[in-house]
Protein chains: 2
Amino acid sequence: MSLCVEPAIMKKKLNKKNSIQDLAAALQLSPATISRVLNNHPHVHEATRTKVMTMVEQVGYKRNVMASGLRTNKTNTIGLIVPRISMFLHTEVITTIQNGLHTHGYNLIICQSNDSLEIEKDLAQTMYASRVDAVIVACTLFTSDFSHFDVLTQNNIPVLFYDRVPVKPYPACVIKGDDFRGAYLATSHLIELGSKRIAYISGPIGCNIYIDRYAGFERAMQQHDMPVQKDLVFYHELTVDNARKSLHRLFARKPYPDAILAANDLTALTALAFAKEIGIAVPQELRIVGYSNDPRSSIVTPSITTVEQFPGRIGQVIVAELLRVLKNDMQSVAIDAPPIITPVELIRRMST
Amino acid sequence: MSLCVEPAIMKKKLNKKNSIQDLAAALQLSPATISRVLNNHPHVHEATRTKVMTMVEQVGYKRNVMASGLRTNKTNTIGLIVPRISMFLHTEVITTIQNGLHTHGYNLIICQSNDSLEIEKDLAQTMYASRVDAVIVACTLFTSDFSHFDVLTQNNIPVLFYDRVPVKPYPACVIKGDDFRGAYLATSHLIELGSKRIAYISGPIGCNIYIDRYAGFERAMQQHDMPVQKDLVFYHELTVDNARKSLHRLFARKPYPDAILAANDLTALTALAFAKEIGIAVPQELRIVGYSNDPRSSIVTPSITTVEQFPGRIGQVIVAELLRVLKNDMQSVAIDAPPIITPVELIRRMST
DNA sequence: TATTTTTACGAAAACGTTTCAGTAAATAAA
DNA sequence: TTTATTTACTGAAACGTTTTCGTAAAAATA
C-alpha cells in the first residue's frame with residue numbers, strides 16, 4: 001500500500017515548478033520584472049536584480065526555452081545536415097561549429113542525410129518544424145535541385161551551405177573549399193615529378209566539388225601540354241567497390257598509369273591496397289594522391305600525399321558567417337552573394 | 001525609394017502564417033478540431049478529417065513544436081553528450097541512434113564534452129534548459145561524481161548512460177560493452193601465442209571501461225599462472241604523447257616486452273609506429289593488440305588485432321531502451337536496475 | 001512648491017498548441 | 001414518443017515566457 005503512494009509523492013516533490021511566476025510570487029514581484037532581470041533589461045533596480053538573481057541561483061531556475069521560443073520566435077538552435085558525420089571533413093567541421101556555437105548560447109541539431117536526396121528533403125521539413133534559427137547544409141552527392149530548402153528560406157530561416165553547395169544561384173550563404181586549386185596543385189605535383197600517364201578517379205560530376213576538382217586537374221594538364229585521356233578518367237560515387245572496379249579497368253592491360261589522382265582519400269587508400277595486391281611499387285611505379293587529409297592517409301605505408309582542407313578553419317568561417325547572418329536578420333540571403341572560398345594546401349608524403 | 005519598401009512587402013508575403021487558427025478560420029472549424037485531426041484523435045468525422053488534411057497539404061502546414069511542446073511538455077528531442085564525436089565508437093553509435101530516433105519522430109541534439117568535466121556539467125544544464133525528453137551520455141574519463149545529472153533525473157528527464165557509465169549506483173539506464181571479456185579474450189590470445197612479457201597500456205583507472213578491461217587482463221594472466229608485472233602496466237589518458245612516453249619506458253632497457261595490450265586502437269597504432277621506428281618486427285618480436293576495431297587498425301601494415309565492440313548494435317540497444325523508457329514514463333529509473341551488457345569479439349589480424 | 005522627467009515596476013495580452021468541459025445533433029434504446 | 005447514448009464538434013483555459021502600455025514613485029528641473 002505504502003509503496004503505491006510513494007511514486008506520487010516523489011513526483012510531486014521532484015516536480016518543483018520553477019517558473020518565472022513562482023519566482024515572482026516568492027519575491028513579491030511581477031513576472032515582468034523577473035523576466036527583465038533574466039534578460040538584462042535596463043531600468044531595473046540593482047537591489048531587486050540581485051535579489052532575483054540569488055533566488056534564481058537558489059532554486060536552480062532555468063528558462064523554459066519552449067515558452068520563450070514561442071513568444072520570441074527564436075529557439076537558439078541551429079540545424080545541421082551533413083551526408084555522414086563519419087566523413088573526416090564533417091567530423092572536424094562539426095566539432096568546431098559545435099564549440100563555437102555553444103559559446104554563443106546556441107545548440108546544434110545534427111542530422112545525416114546518408115547521401116540520400118529523399119532523407120535530405122525530409123530533414124529540411126523537420127528543421128522547419130523545429131523552427132531552428134538557421135540551417136547549415138552540406139548537400140548529398142545528388143542534390144542538383146534545391147527547392148526543398150525553400151520552406152526554410154521562404155520562412156526567414158537562413159540557410160548556409162558548405163563543401164557541397166548549390167551550383168545554381170540560391171538565396172543562401174555559400175562556403176566552399178578551393179577545390180579547383182587543390183586538384184590543380186595535386187596534378188601539377190604529379191606532373192613535376194615526371195608522371196606521364198595520370199589517371200583521375202572522380203566523384204559523380206554534378207556535385208560542385210567534383211566539377212571544380214576536375215577543372216583543376218584539367219587546367220594543370222593543359223598547362224603542361226598533357227592531353228587528358230578519357231580512358232584514364234572515371235566518374236562514380238567514391239566507394240571502395242567502385243574504386244576497385246575502376247582500378248581493375250586501369251590495370252587490365254598495359255601501359256599502366258604511372259600516377260593516380262583520387263578525388264578523396266578513401267579512393268587513394270583503396271588504390272594503395274590494390275597496388276600492393278598486384279605487386280606494383282608505390283611510389284616507384286605508381287604515384288598516388290588523395291584529397292582531404294583523412295588521418296588514415298598518414299598512417300598507411302607509404303603515407304599518402306593528399307590535399308589538406310583545414311576543416312577547423314572551415315568551421316570557424318561557418319560560425320562567423322552564421323552569427324553575422326543571425327545578427328543582421330535576413331540581410332545576407334541575397335541570391336547573388338559571392339561564395340566564400342577557404343584555402344587548401346598540398347601535403348606531400350611518401351606515395352609520391 | 002521603391003527599393004526601400006520591397007523588403008517589407010517580401011517579408012509580409014513570405015511570412016504566411018500557417019497556424020492551426022488560420023486553418024480553422026479557412027475551413028470554418030475550431031482549432032480544437034484541427035488539432036484532433038493532426039493528432040489522430042478519435043471522434044472526428046471522416047469527411048472533415050480529409051478536408052483538413054488536404055488543406056494542411058495545400059498550405060504546407062507544419063506544427064509549431066514550441067507551442068505544442070509548451071503545452072504538452074514534450075519536445076520530441078533527445079540530448080546526447082559524448083566525449084568526442086570523432087571517436088570511432090561514438091561516430092558509429094551516433095549514426096545508429098540518429099537514424100533510429102528519426103524514424104520515431106525524434107530529433108537529436110549532439111554535444112561534445114571534449115572529455116572535460118566542466119563542459120559536461122555545463123551541457124547537463126543546457127539539456128535541462130532545452131527540456132529534452134531524455135539524455136544519452138557517454139561520460140568523460142574523469143566523471144566519478146554524477147550529481148550534475150541530478151537536475152535531469154530529478155525533473156523526470158530520463159538519463160541513459162553507455163560505454164563510459166557510472167561506477168556507483170545511479171538512477172539511470174546503463175548500457176555497456178563487455179570490457180572485461182574483451183580484455184580477457186585479447187590477453188588469452190596473446191598468452192596462447194606464447195607471449196611471456198605482456199605489457200598493458202591502460203586508460204586512467206577510475207573510468208569503468210578501464211577498470212573492467214584491467215580486470216579482464218588480470219584474470220587471463222592469473223588463469224595462466226602469469227604474474228602481472230607492475231612495471232609493464234601503465235595508466236594514463238590514451239593520447240599519442242602519453243603512449244610514446246610509456247613506450248620509451250618499456251623499451252629503455254631489455255628485456256623488452258614481447259607483447260603489448262593497448263586499451264584503445266590509437267595506442268596500438270602508436271605502438272606499431274614506435275616499433276617500426278626502433279626496428280622491432282611486429283609480430284615476430286612484438287605482438288600488438290588494440291581495442292575498438294577502429295578502421296585505421298585494419299589498414300596499417302601489419303594490420304592490428306583488436307576487439308570489436310559492434311557499435312551499431314550498441315546504438316540499436318540504446319534506441320530500444322530509450323523508446324521503452326519514454327513509453328513507460330519514468331518507470332525504469334530504478335536505481336538498482338542491472339546494466340545491459342553488449343557483446344564483444346576478438347578480431348585476429350597480422351599484428352599477432 | 002509645482003512641474004517635468006526619469007526610473008522601477010505591474011497588468012495584461014500575445015505566441016500556437018492541446019485538452020477539459022460542454023453542447024448540439026444524430027443514433028440507439030426504452 | 002421519450003429517454004439515454006454516442007458522435008462531432010466548439011469554447012475557453014492553460015502551458016511559461018516576453019513585451020507593450022501604463023502608472024506610481026523618485027529625481028530633477030523650474
# chains A, B, ... in the order shown; residues from 1 in each chain; ligands from 1
>>> interface_residues(of="chain A", to="chain B", cutoff="9 Å", atoms="only C-alpha atoms", output="PyMOL selection string")
chain A and resi 11+14-16+60+62-70+73+75+84-86+88+91-92+94-95+98-99+102+107-112+125-126+128-131+151+154-156+269+273+295-296+299-301
>>> interface_residues(of="chain C", to="chain B", cutoff="10 Å", atoms="only C-alpha atoms (C1' of nucleotides)", output="JSON, numbers by chain")
{"C": [15, 16, 17, 18, 19]}
>>> write_last_selection(atoms="all heavy atoms", output="short mmCIF file (atom, residue, chain, number, x, y, z; two decimals), in the first residue's frame")
data_model
loop_
_atom_site.label_atom_id
_atom_site.label_comp_id
_atom_site.auth_asym_id
_atom_site.auth_seq_id
_atom_site.Cartn_x
_atom_site.Cartn_y
_atom_site.Cartn_z
P DC C 15 -0.68 36.67 -31.48
OP1 DC C 15 -0.68 37.39 -32.76
OP2 DC C 15 -1.89 35.97 -31.02
"O5'" DC C 15 0.49 35.58 -31.51
"C5'" DC C 15 1.85 35.92 -31.46
"C4'" DC C 15 2.63 34.74 -30.97
"O4'" DC C 15 2.59 34.73 -29.53
"C3'" DC C 15 2.02 33.41 -31.37
"O3'" DC C 15 2.61 32.99 -32.59
"C2'" DC C 15 2.39 32.48 -30.21
"C1'" DC C 15 2.79 33.41 -29.08
N1 DC C 15 2.01 33.27 -27.81
C2 DC C 15 2.68 33.16 -26.59
O2 DC C 15 3.91 33.16 -26.60
N3 DC C 15 1.96 33.03 -25.44
C4 DC C 15 0.62 33.05 -25.50
N4 DC C 15 -0.03 32.92 -24.34
C5 DC C 15 -0.07 33.16 -26.73
C6 DC C 15 0.65 33.27 -27.85
P DG C 16 1.64 32.53 -33.80
OP1 DG C 16 2.44 32.51 -35.04
OP2 DG C 16 0.40 33.31 -33.74
"O5'" DG C 16 1.31 31.03 -33.41
"C5'" DG C 16 2.37 30.08 -33.39
"C4'" DG C 16 1.88 28.81 -32.78
"O4'" DG C 16 1.48 29.05 -31.42
"C3'" DG C 16 0.66 28.19 -33.47
"O3'" DG C 16 0.92 26.82 -33.67
"C2'" DG C 16 -0.48 28.43 -32.48
"C1'" DG C 16 0.26 28.39 -31.16
N9 DG C 16 -0.38 29.11 -30.07
C8 DG C 16 -1.09 30.27 -30.15
N7 DG C 16 -1.53 30.69 -28.98
C5 DG C 16 -1.07 29.73 -28.08
C6 DG C 16 -1.23 29.65 -26.68
O6 DG C 16 -1.84 30.42 -25.93
N1 DG C 16 -0.60 28.52 -26.15
C2 DG C 16 0.09 27.60 -26.90
N2 DG C 16 0.64 26.59 -26.24
N3 DG C 16 0.25 27.67 -28.22
C4 DG C 16 -0.36 28.76 -28.74
P DT C 17 -0.02 25.84 -34.40
OP1 DT C 17 0.74 25.14 -35.43
OP2 DT C 17 -1.27 26.55 -34.74
"O5'" DT C 17 -0.37 24.81 -33.24
"C5'" DT C 17 0.65 24.05 -32.64
"C4'" DT C 17 0.29 23.69 -31.24
"O4'" DT C 17 -0.23 24.84 -30.55
"C3'" DT C 17 -0.79 22.65 -31.09
"O3'" DT C 17 -0.15 21.39 -30.97
"C2'" DT C 17 -1.50 23.01 -29.79
"C1'" DT C 17 -0.94 24.38 -29.41
N1 DT C 17 -1.94 25.40 -29.09
C2 DT C 17 -2.34 25.54 -27.79
O2 DT C 17 -1.94 24.84 -26.88
N3 DT C 17 -3.26 26.54 -27.56
C4 DT C 17 -3.79 27.39 -28.50
O4 DT C 17 -4.59 28.26 -28.19
C5 DT C 17 -3.32 27.19 -29.85
C7 DT C 17 -3.83 28.08 -30.96
C6 DT C 17 -2.43 26.23 -30.08
P DT C 18 -1.03 20.08 -30.97
OP1 DT C 18 -0.08 18.97 -31.09
OP2 DT C 18 -2.15 20.24 -31.92
"O5'" DT C 18 -1.65 20.05 -29.50
"C5'" DT C 18 -0.81 19.80 -28.39
"C4'" DT C 18 -1.61 19.85 -27.11
"O4'" DT C 18 -2.31 21.11 -27.00
"C3'" DT C 18 -2.67 18.77 -26.96
"O3'" DT C 18 -2.52 18.22 -25.66
"C2'" DT C 18 -3.99 19.52 -27.11
"C1'" DT C 18 -3.63 20.89 -26.56
N1 DT C 18 -4.43 22.05 -27.06
C2 DT C 18 -5.00 22.90 -26.15
O2 DT C 18 -4.93 22.74 -24.95
N3 DT C 18 -5.68 23.96 -26.69
C4 DT C 18 -5.83 24.26 -28.04
O4 DT C 18 -6.46 25.24 -28.41
C5 DT C 18 -5.20 23.32 -28.94
C7 DT C 18 -5.30 23.55 -30.41
C6 DT C 18 -4.54 22.28 -28.42
P DT C 19 -3.13 16.81 -25.28
OP1 DT C 19 -2.18 16.12 -24.42
OP2 DT C 19 -3.62 16.18 -26.52
"O5'" DT C 19 -4.38 17.24 -24.40
"C5'" DT C 19 -4.15 18.06 -23.26
"C4'" DT C 19 -5.49 18.52 -22.71
"O4'" DT C 19 -5.97 19.64 -23.48
"C3'" DT C 19 -6.60 17.47 -22.75
"O3'" DT C 19 -7.33 17.55 -21.55
"C2'" DT C 19 -7.46 17.92 -23.93
"C1'" DT C 19 -7.33 19.43 -23.77
N1 DT C 19 -7.66 20.23 -24.99
C2 DT C 19 -8.18 21.48 -24.82
O2 DT C 19 -8.38 21.98 -23.73
N3 DT C 19 -8.45 22.15 -25.99
C4 DT C 19 -8.26 21.68 -27.27
O4 DT C 19 -8.55 22.37 -28.24
C5 DT C 19 -7.72 20.36 -27.38
C7 DT C 19 -7.47 19.76 -28.72
C6 DT C 19 -7.45 19.70 -26.23
#
>>> interface_residues(of="chain D", to="chain B", cutoff="8 Å", atoms="only C-alpha atoms (C1' of nucleotides)", output="ChimeraX atom specification")
/D:7-10,14-16
>>> write_last_selection(atoms="all heavy atoms", output="short mmCIF file (atom, residue, chain, number, x, y, z; two decimals), in the first residue's frame")
data_model
loop_
_atom_site.label_atom_id
_atom_site.label_comp_id
_atom_site.auth_asym_id
_atom_site.auth_seq_id
_atom_site.Cartn_x
_atom_site.Cartn_y
_atom_site.Cartn_z
P DT D 7 -19.61 6.19 -30.89
OP1 DT D 7 -19.36 5.13 -31.90
OP2 DT D 7 -18.67 6.43 -29.78
"O5'" DT D 7 -19.81 7.54 -31.68
"C5'" DT D 7 -20.89 7.65 -32.61
"C4'" DT D 7 -20.94 9.05 -33.15
"O4'" DT D 7 -21.49 9.95 -32.17
"C3'" DT D 7 -19.58 9.63 -33.56
"O3'" DT D 7 -19.68 10.10 -34.89
"C2'" DT D 7 -19.35 10.77 -32.56
"C1'" DT D 7 -20.78 11.17 -32.21
N1 DT D 7 -21.00 11.82 -30.89
C2 DT D 7 -21.74 12.98 -30.83
O2 DT D 7 -22.22 13.50 -31.81
N3 DT D 7 -21.91 13.49 -29.57
C4 DT D 7 -21.40 12.97 -28.38
O4 DT D 7 -21.62 13.51 -27.32
C5 DT D 7 -20.64 11.76 -28.51
C7 DT D 7 -20.05 11.12 -27.30
C6 DT D 7 -20.46 11.25 -29.74
P DA D 8 -18.46 10.72 -35.64
OP1 DA D 8 -18.63 10.51 -37.09
OP2 DA D 8 -17.23 10.30 -34.96
"O5'" DA D 8 -18.69 12.26 -35.34
"C5'" DA D 8 -19.73 12.94 -36.03
"C4'" DA D 8 -19.57 14.43 -35.78
"O4'" DA D 8 -19.84 14.68 -34.37
"C3'" DA D 8 -18.15 14.96 -36.04
"O3'" DA D 8 -18.25 16.17 -36.77
"C2'" DA D 8 -17.58 15.18 -34.64
"C1'" DA D 8 -18.82 15.51 -33.84
N9 DA D 8 -18.72 15.22 -32.42
C8 DA D 8 -18.03 14.19 -31.81
N7 DA D 8 -18.13 14.18 -30.51
C5 DA D 8 -18.93 15.28 -30.23
C6 DA D 8 -19.42 15.80 -29.03
N6 DA D 8 -19.14 15.28 -27.82
N1 DA D 8 -20.20 16.90 -29.10
C2 DA D 8 -20.47 17.42 -30.31
N3 DA D 8 -20.07 17.00 -31.52
C4 DA D 8 -19.31 15.92 -31.39
P DC D 9 -16.93 16.80 -37.39
OP1 DC D 9 -17.25 17.39 -38.69
OP2 DC D 9 -15.81 15.85 -37.27
"O5'" DC D 9 -16.69 17.98 -36.34
"C5'" DC D 9 -17.54 19.10 -36.43
"C4'" DC D 9 -17.77 19.68 -35.07
"O4'" DC D 9 -17.69 18.70 -34.01
"C3'" DC D 9 -16.76 20.71 -34.60
"O3'" DC D 9 -17.05 21.95 -35.20
"C2'" DC D 9 -17.01 20.75 -33.10
"C1'" DC D 9 -17.76 19.44 -32.81
N1 DC D 9 -17.20 18.67 -31.68
C2 DC D 9 -17.53 19.06 -30.39
O2 DC D 9 -18.26 20.05 -30.23
N3 DC D 9 -17.04 18.36 -29.35
C4 DC D 9 -16.26 17.29 -29.55
N4 DC D 9 -15.82 16.62 -28.49
C5 DC D 9 -15.91 16.86 -30.87
C6 DC D 9 -16.40 17.58 -31.89
P DT D 10 -16.01 23.12 -35.04
OP1 DT D 10 -16.29 24.10 -36.12
OP2 DT D 10 -14.67 22.55 -34.86
"O5'" DT D 10 -16.47 23.76 -33.66
"C5'" DT D 10 -17.83 24.13 -33.45
"C4'" DT D 10 -17.96 24.76 -32.08
"O4'" DT D 10 -17.75 23.76 -31.06
"C3'" DT D 10 -16.96 25.88 -31.80
"O3'" DT D 10 -17.65 26.99 -31.29
"C2'" DT D 10 -15.99 25.28 -30.80
"C1'" DT D 10 -16.84 24.23 -30.09
N1 DT D 10 -16.10 23.06 -29.57
C2 DT D 10 -16.07 22.81 -28.23
O2 DT D 10 -16.63 23.52 -27.41
N3 DT D 10 -15.37 21.69 -27.86
C4 DT D 10 -14.71 20.81 -28.69
O4 DT D 10 -14.11 19.84 -28.26
C5 DT D 10 -14.76 21.13 -30.10
C7 DT D 10 -14.09 20.25 -31.09
C6 DT D 10 -15.45 22.22 -30.47
P DA D 14 -7.12 28.37 -16.27
OP1 DA D 14 -7.56 27.75 -15.00
OP2 DA D 14 -6.98 29.84 -16.38
"O5'" DA D 14 -5.73 27.71 -16.71
"C5'" DA D 14 -5.66 26.31 -16.87
"C4'" DA D 14 -4.55 25.98 -17.83
"O4'" DA D 14 -4.94 26.40 -19.16
"C3'" DA D 14 -3.23 26.71 -17.54
"O3'" DA D 14 -2.33 25.80 -16.95
"C2'" DA D 14 -2.74 27.17 -18.91
"C1'" DA D 14 -3.74 26.59 -19.89
N9 DA D 14 -4.06 27.44 -21.03
C8 DA D 14 -4.57 28.69 -21.04
N7 DA D 14 -4.74 29.20 -22.24
C5 DA D 14 -4.29 28.19 -23.08
C6 DA D 14 -4.20 28.09 -24.47
N6 DA D 14 -4.57 29.06 -25.31
N1 DA D 14 -3.72 26.95 -24.99
C2 DA D 14 -3.35 25.96 -24.15
N3 DA D 14 -3.38 25.94 -22.82
C4 DA D 14 -3.87 27.09 -22.34
P DC D 15 -1.10 26.38 -16.11
OP1 DC D 15 -1.05 25.64 -14.85
OP2 DC D 15 -1.14 27.86 -16.11
"O5'" DC D 15 0.16 25.99 -17.00
"C5'" DC D 15 0.28 24.72 -17.62
"C4'" DC D 15 1.25 24.85 -18.77
"O4'" DC D 15 0.53 25.32 -19.92
"C3'" DC D 15 2.33 25.90 -18.54
"O3'" DC D 15 3.47 25.27 -17.97
"C2'" DC D 15 2.63 26.43 -19.94
"C1'" DC D 15 1.44 25.98 -20.77
N1 DC D 15 0.66 27.07 -21.44
C2 DC D 15 0.37 26.97 -22.80
O2 DC D 15 0.77 25.99 -23.42
N3 DC D 15 -0.33 27.98 -23.40
C4 DC D 15 -0.75 29.02 -22.69
N4 DC D 15 -1.45 29.97 -23.32
C5 DC D 15 -0.48 29.13 -21.30
C6 DC D 15 0.23 28.15 -20.73
P DG D 16 4.13 25.92 -16.63
OP1 DG D 16 5.01 24.91 -16.03
OP2 DG D 16 3.09 26.56 -15.83
"O5'" DG D 16 5.04 27.08 -17.24
"C5'" DG D 16 6.11 26.71 -18.08
"C4'" DG D 16 6.69 27.94 -18.72
"O4'" DG D 16 5.70 28.55 -19.56
"C3'" DG D 16 7.14 29.01 -17.72
"O3'" DG D 16 8.43 29.42 -18.11
"C2'" DG D 16 6.11 30.12 -17.90
"C1'" DG D 16 5.71 29.95 -19.36
N9 DG D 16 4.39 30.44 -19.69
C8 DG D 16 3.26 30.40 -18.90
N7 DG D 16 2.20 30.90 -19.49
C5 DG D 16 2.66 31.28 -20.75
C6 DG D 16 1.97 31.89 -21.83
O6 DG D 16 0.79 32.20 -21.88
N1 DG D 16 2.82 32.11 -22.92
C2 DG D 16 4.16 31.78 -22.95
N2 DG D 16 4.81 32.06 -24.07
N3 DG D 16 4.81 31.22 -21.94
C4 DG D 16 4.01 31.00 -20.88
#
>>> select_by_dssp(residues="region 305-347 of chain B", states="alpha helix (DSSP H)", output="ChimeraX atom specification")
/B:311-328
>>> select_by_dssp(residues="region 38-267 of chain A", states="strand (DSSP E or B)", output="PyMOL selection string")
chain A and resi 77-82+107-112+134-137+159-162+173-177+198-202+205+207+233-235+259-262
>>> atom_distance(atom1="CA of Ile211 (chain A)", atom2="CA of Pro158 (chain A)")
25.9 Å
>>> closest_residue(among="D:DT5, D:DT18, D:DT23, D:DT29", to="DT3 (chain C)", atoms="only C-alpha atoms (C1' of nucleotides)")
D:DT29
>>> residues_around(residues="Lys230 (chain B)", least_positions_apart="4", cutoff="12 Å", atoms="only C-alpha atoms (C1' of nucleotides)", output="list in words")
Arg197, Ile198, Ala199, Tyr200, Ile201, Glu218, Phe234, Tyr235 and Leu250 of chain B
>>> write_last_selection(atoms="N, CA and C atoms", output="mmCIF file, in the first residue's frame")
data_model
loop_
_atom_site.group_PDB
_atom_site.id
_atom_site.type_symbol
_atom_site.label_atom_id
_atom_site.label_comp_id
_atom_site.auth_asym_id
_atom_site.auth_seq_id
_atom_site.Cartn_x
_atom_site.Cartn_y
_atom_site.Cartn_z
ATOM 1 N N ARG B 197 56.179 -11.810 -21.818
ATOM 2 C CA ARG B 197 56.243 -10.494 -21.157
ATOM 3 C C ARG B 197 55.212 -9.568 -21.805
ATOM 4 N N ILE B 198 54.024 -9.552 -21.210
ATOM 5 C CA ILE B 198 52.922 -8.789 -21.803
ATOM 6 C C ILE B 198 52.782 -7.453 -21.085
ATOM 7 N N ALA B 199 52.942 -6.382 -21.840
ATOM 8 C CA ALA B 199 52.734 -5.049 -21.268
ATOM 9 C C ALA B 199 51.291 -4.629 -21.499
ATOM 10 N N TYR B 200 50.780 -3.825 -20.581
ATOM 11 C CA TYR B 200 49.410 -3.354 -20.727
ATOM 12 C C TYR B 200 49.380 -1.841 -20.565
ATOM 13 N N ILE B 201 48.901 -1.161 -21.606
ATOM 14 C CA ILE B 201 48.762 0.298 -21.515
ATOM 15 C C ILE B 201 47.288 0.610 -21.368
ATOM 16 N N GLU B 218 43.865 -9.025 -16.019
ATOM 17 C CA GLU B 218 44.400 -9.663 -14.818
ATOM 18 C C GLU B 218 43.905 -11.107 -14.706
ATOM 19 N N PHE B 234 50.765 0.495 -17.480
ATOM 20 C CA PHE B 234 50.746 1.969 -17.455
ATOM 21 C C PHE B 234 49.312 2.470 -17.444
ATOM 22 N N TYR B 235 49.071 3.490 -16.660
ATOM 23 C CA TYR B 235 47.743 4.096 -16.615
ATOM 24 C C TYR B 235 47.840 5.575 -16.967
ATOM 25 N N LEU B 250 59.130 1.439 -21.739
ATOM 26 C CA LEU B 250 59.113 -0.019 -21.952
ATOM 27 C C LEU B 250 60.375 -0.499 -22.652
#
>>> closest_residue(among="B:Val159, B:Asn293, B:Phe274, B:Thr239", to="Pro204 (chain B)", atoms="only C-alpha atoms")
B:Thr239
>>> atom_distance(atom1="CA of Pro171 (chain A)", atom2="CA of Asp22 (chain B)")
27.9 Å
>>> residues_around(residues="Gly290 (chain A)", least_positions_apart="5", cutoff="9 Å", atoms="only C-alpha atoms (C1' of nucleotides)", output="list in words")
Ala186, Ile260, Leu261, Ala262, Ala263, Asn264, Asp265, Leu266, Thr267, Ala268, Leu269, Ser297, Ile304, Thr305, Thr306 and Val307 of chain A
>>> atom_distance(atom1="CA of Leu323 (chain A)", atom2="CA of Asp336 (chain A)")
19.8 Å
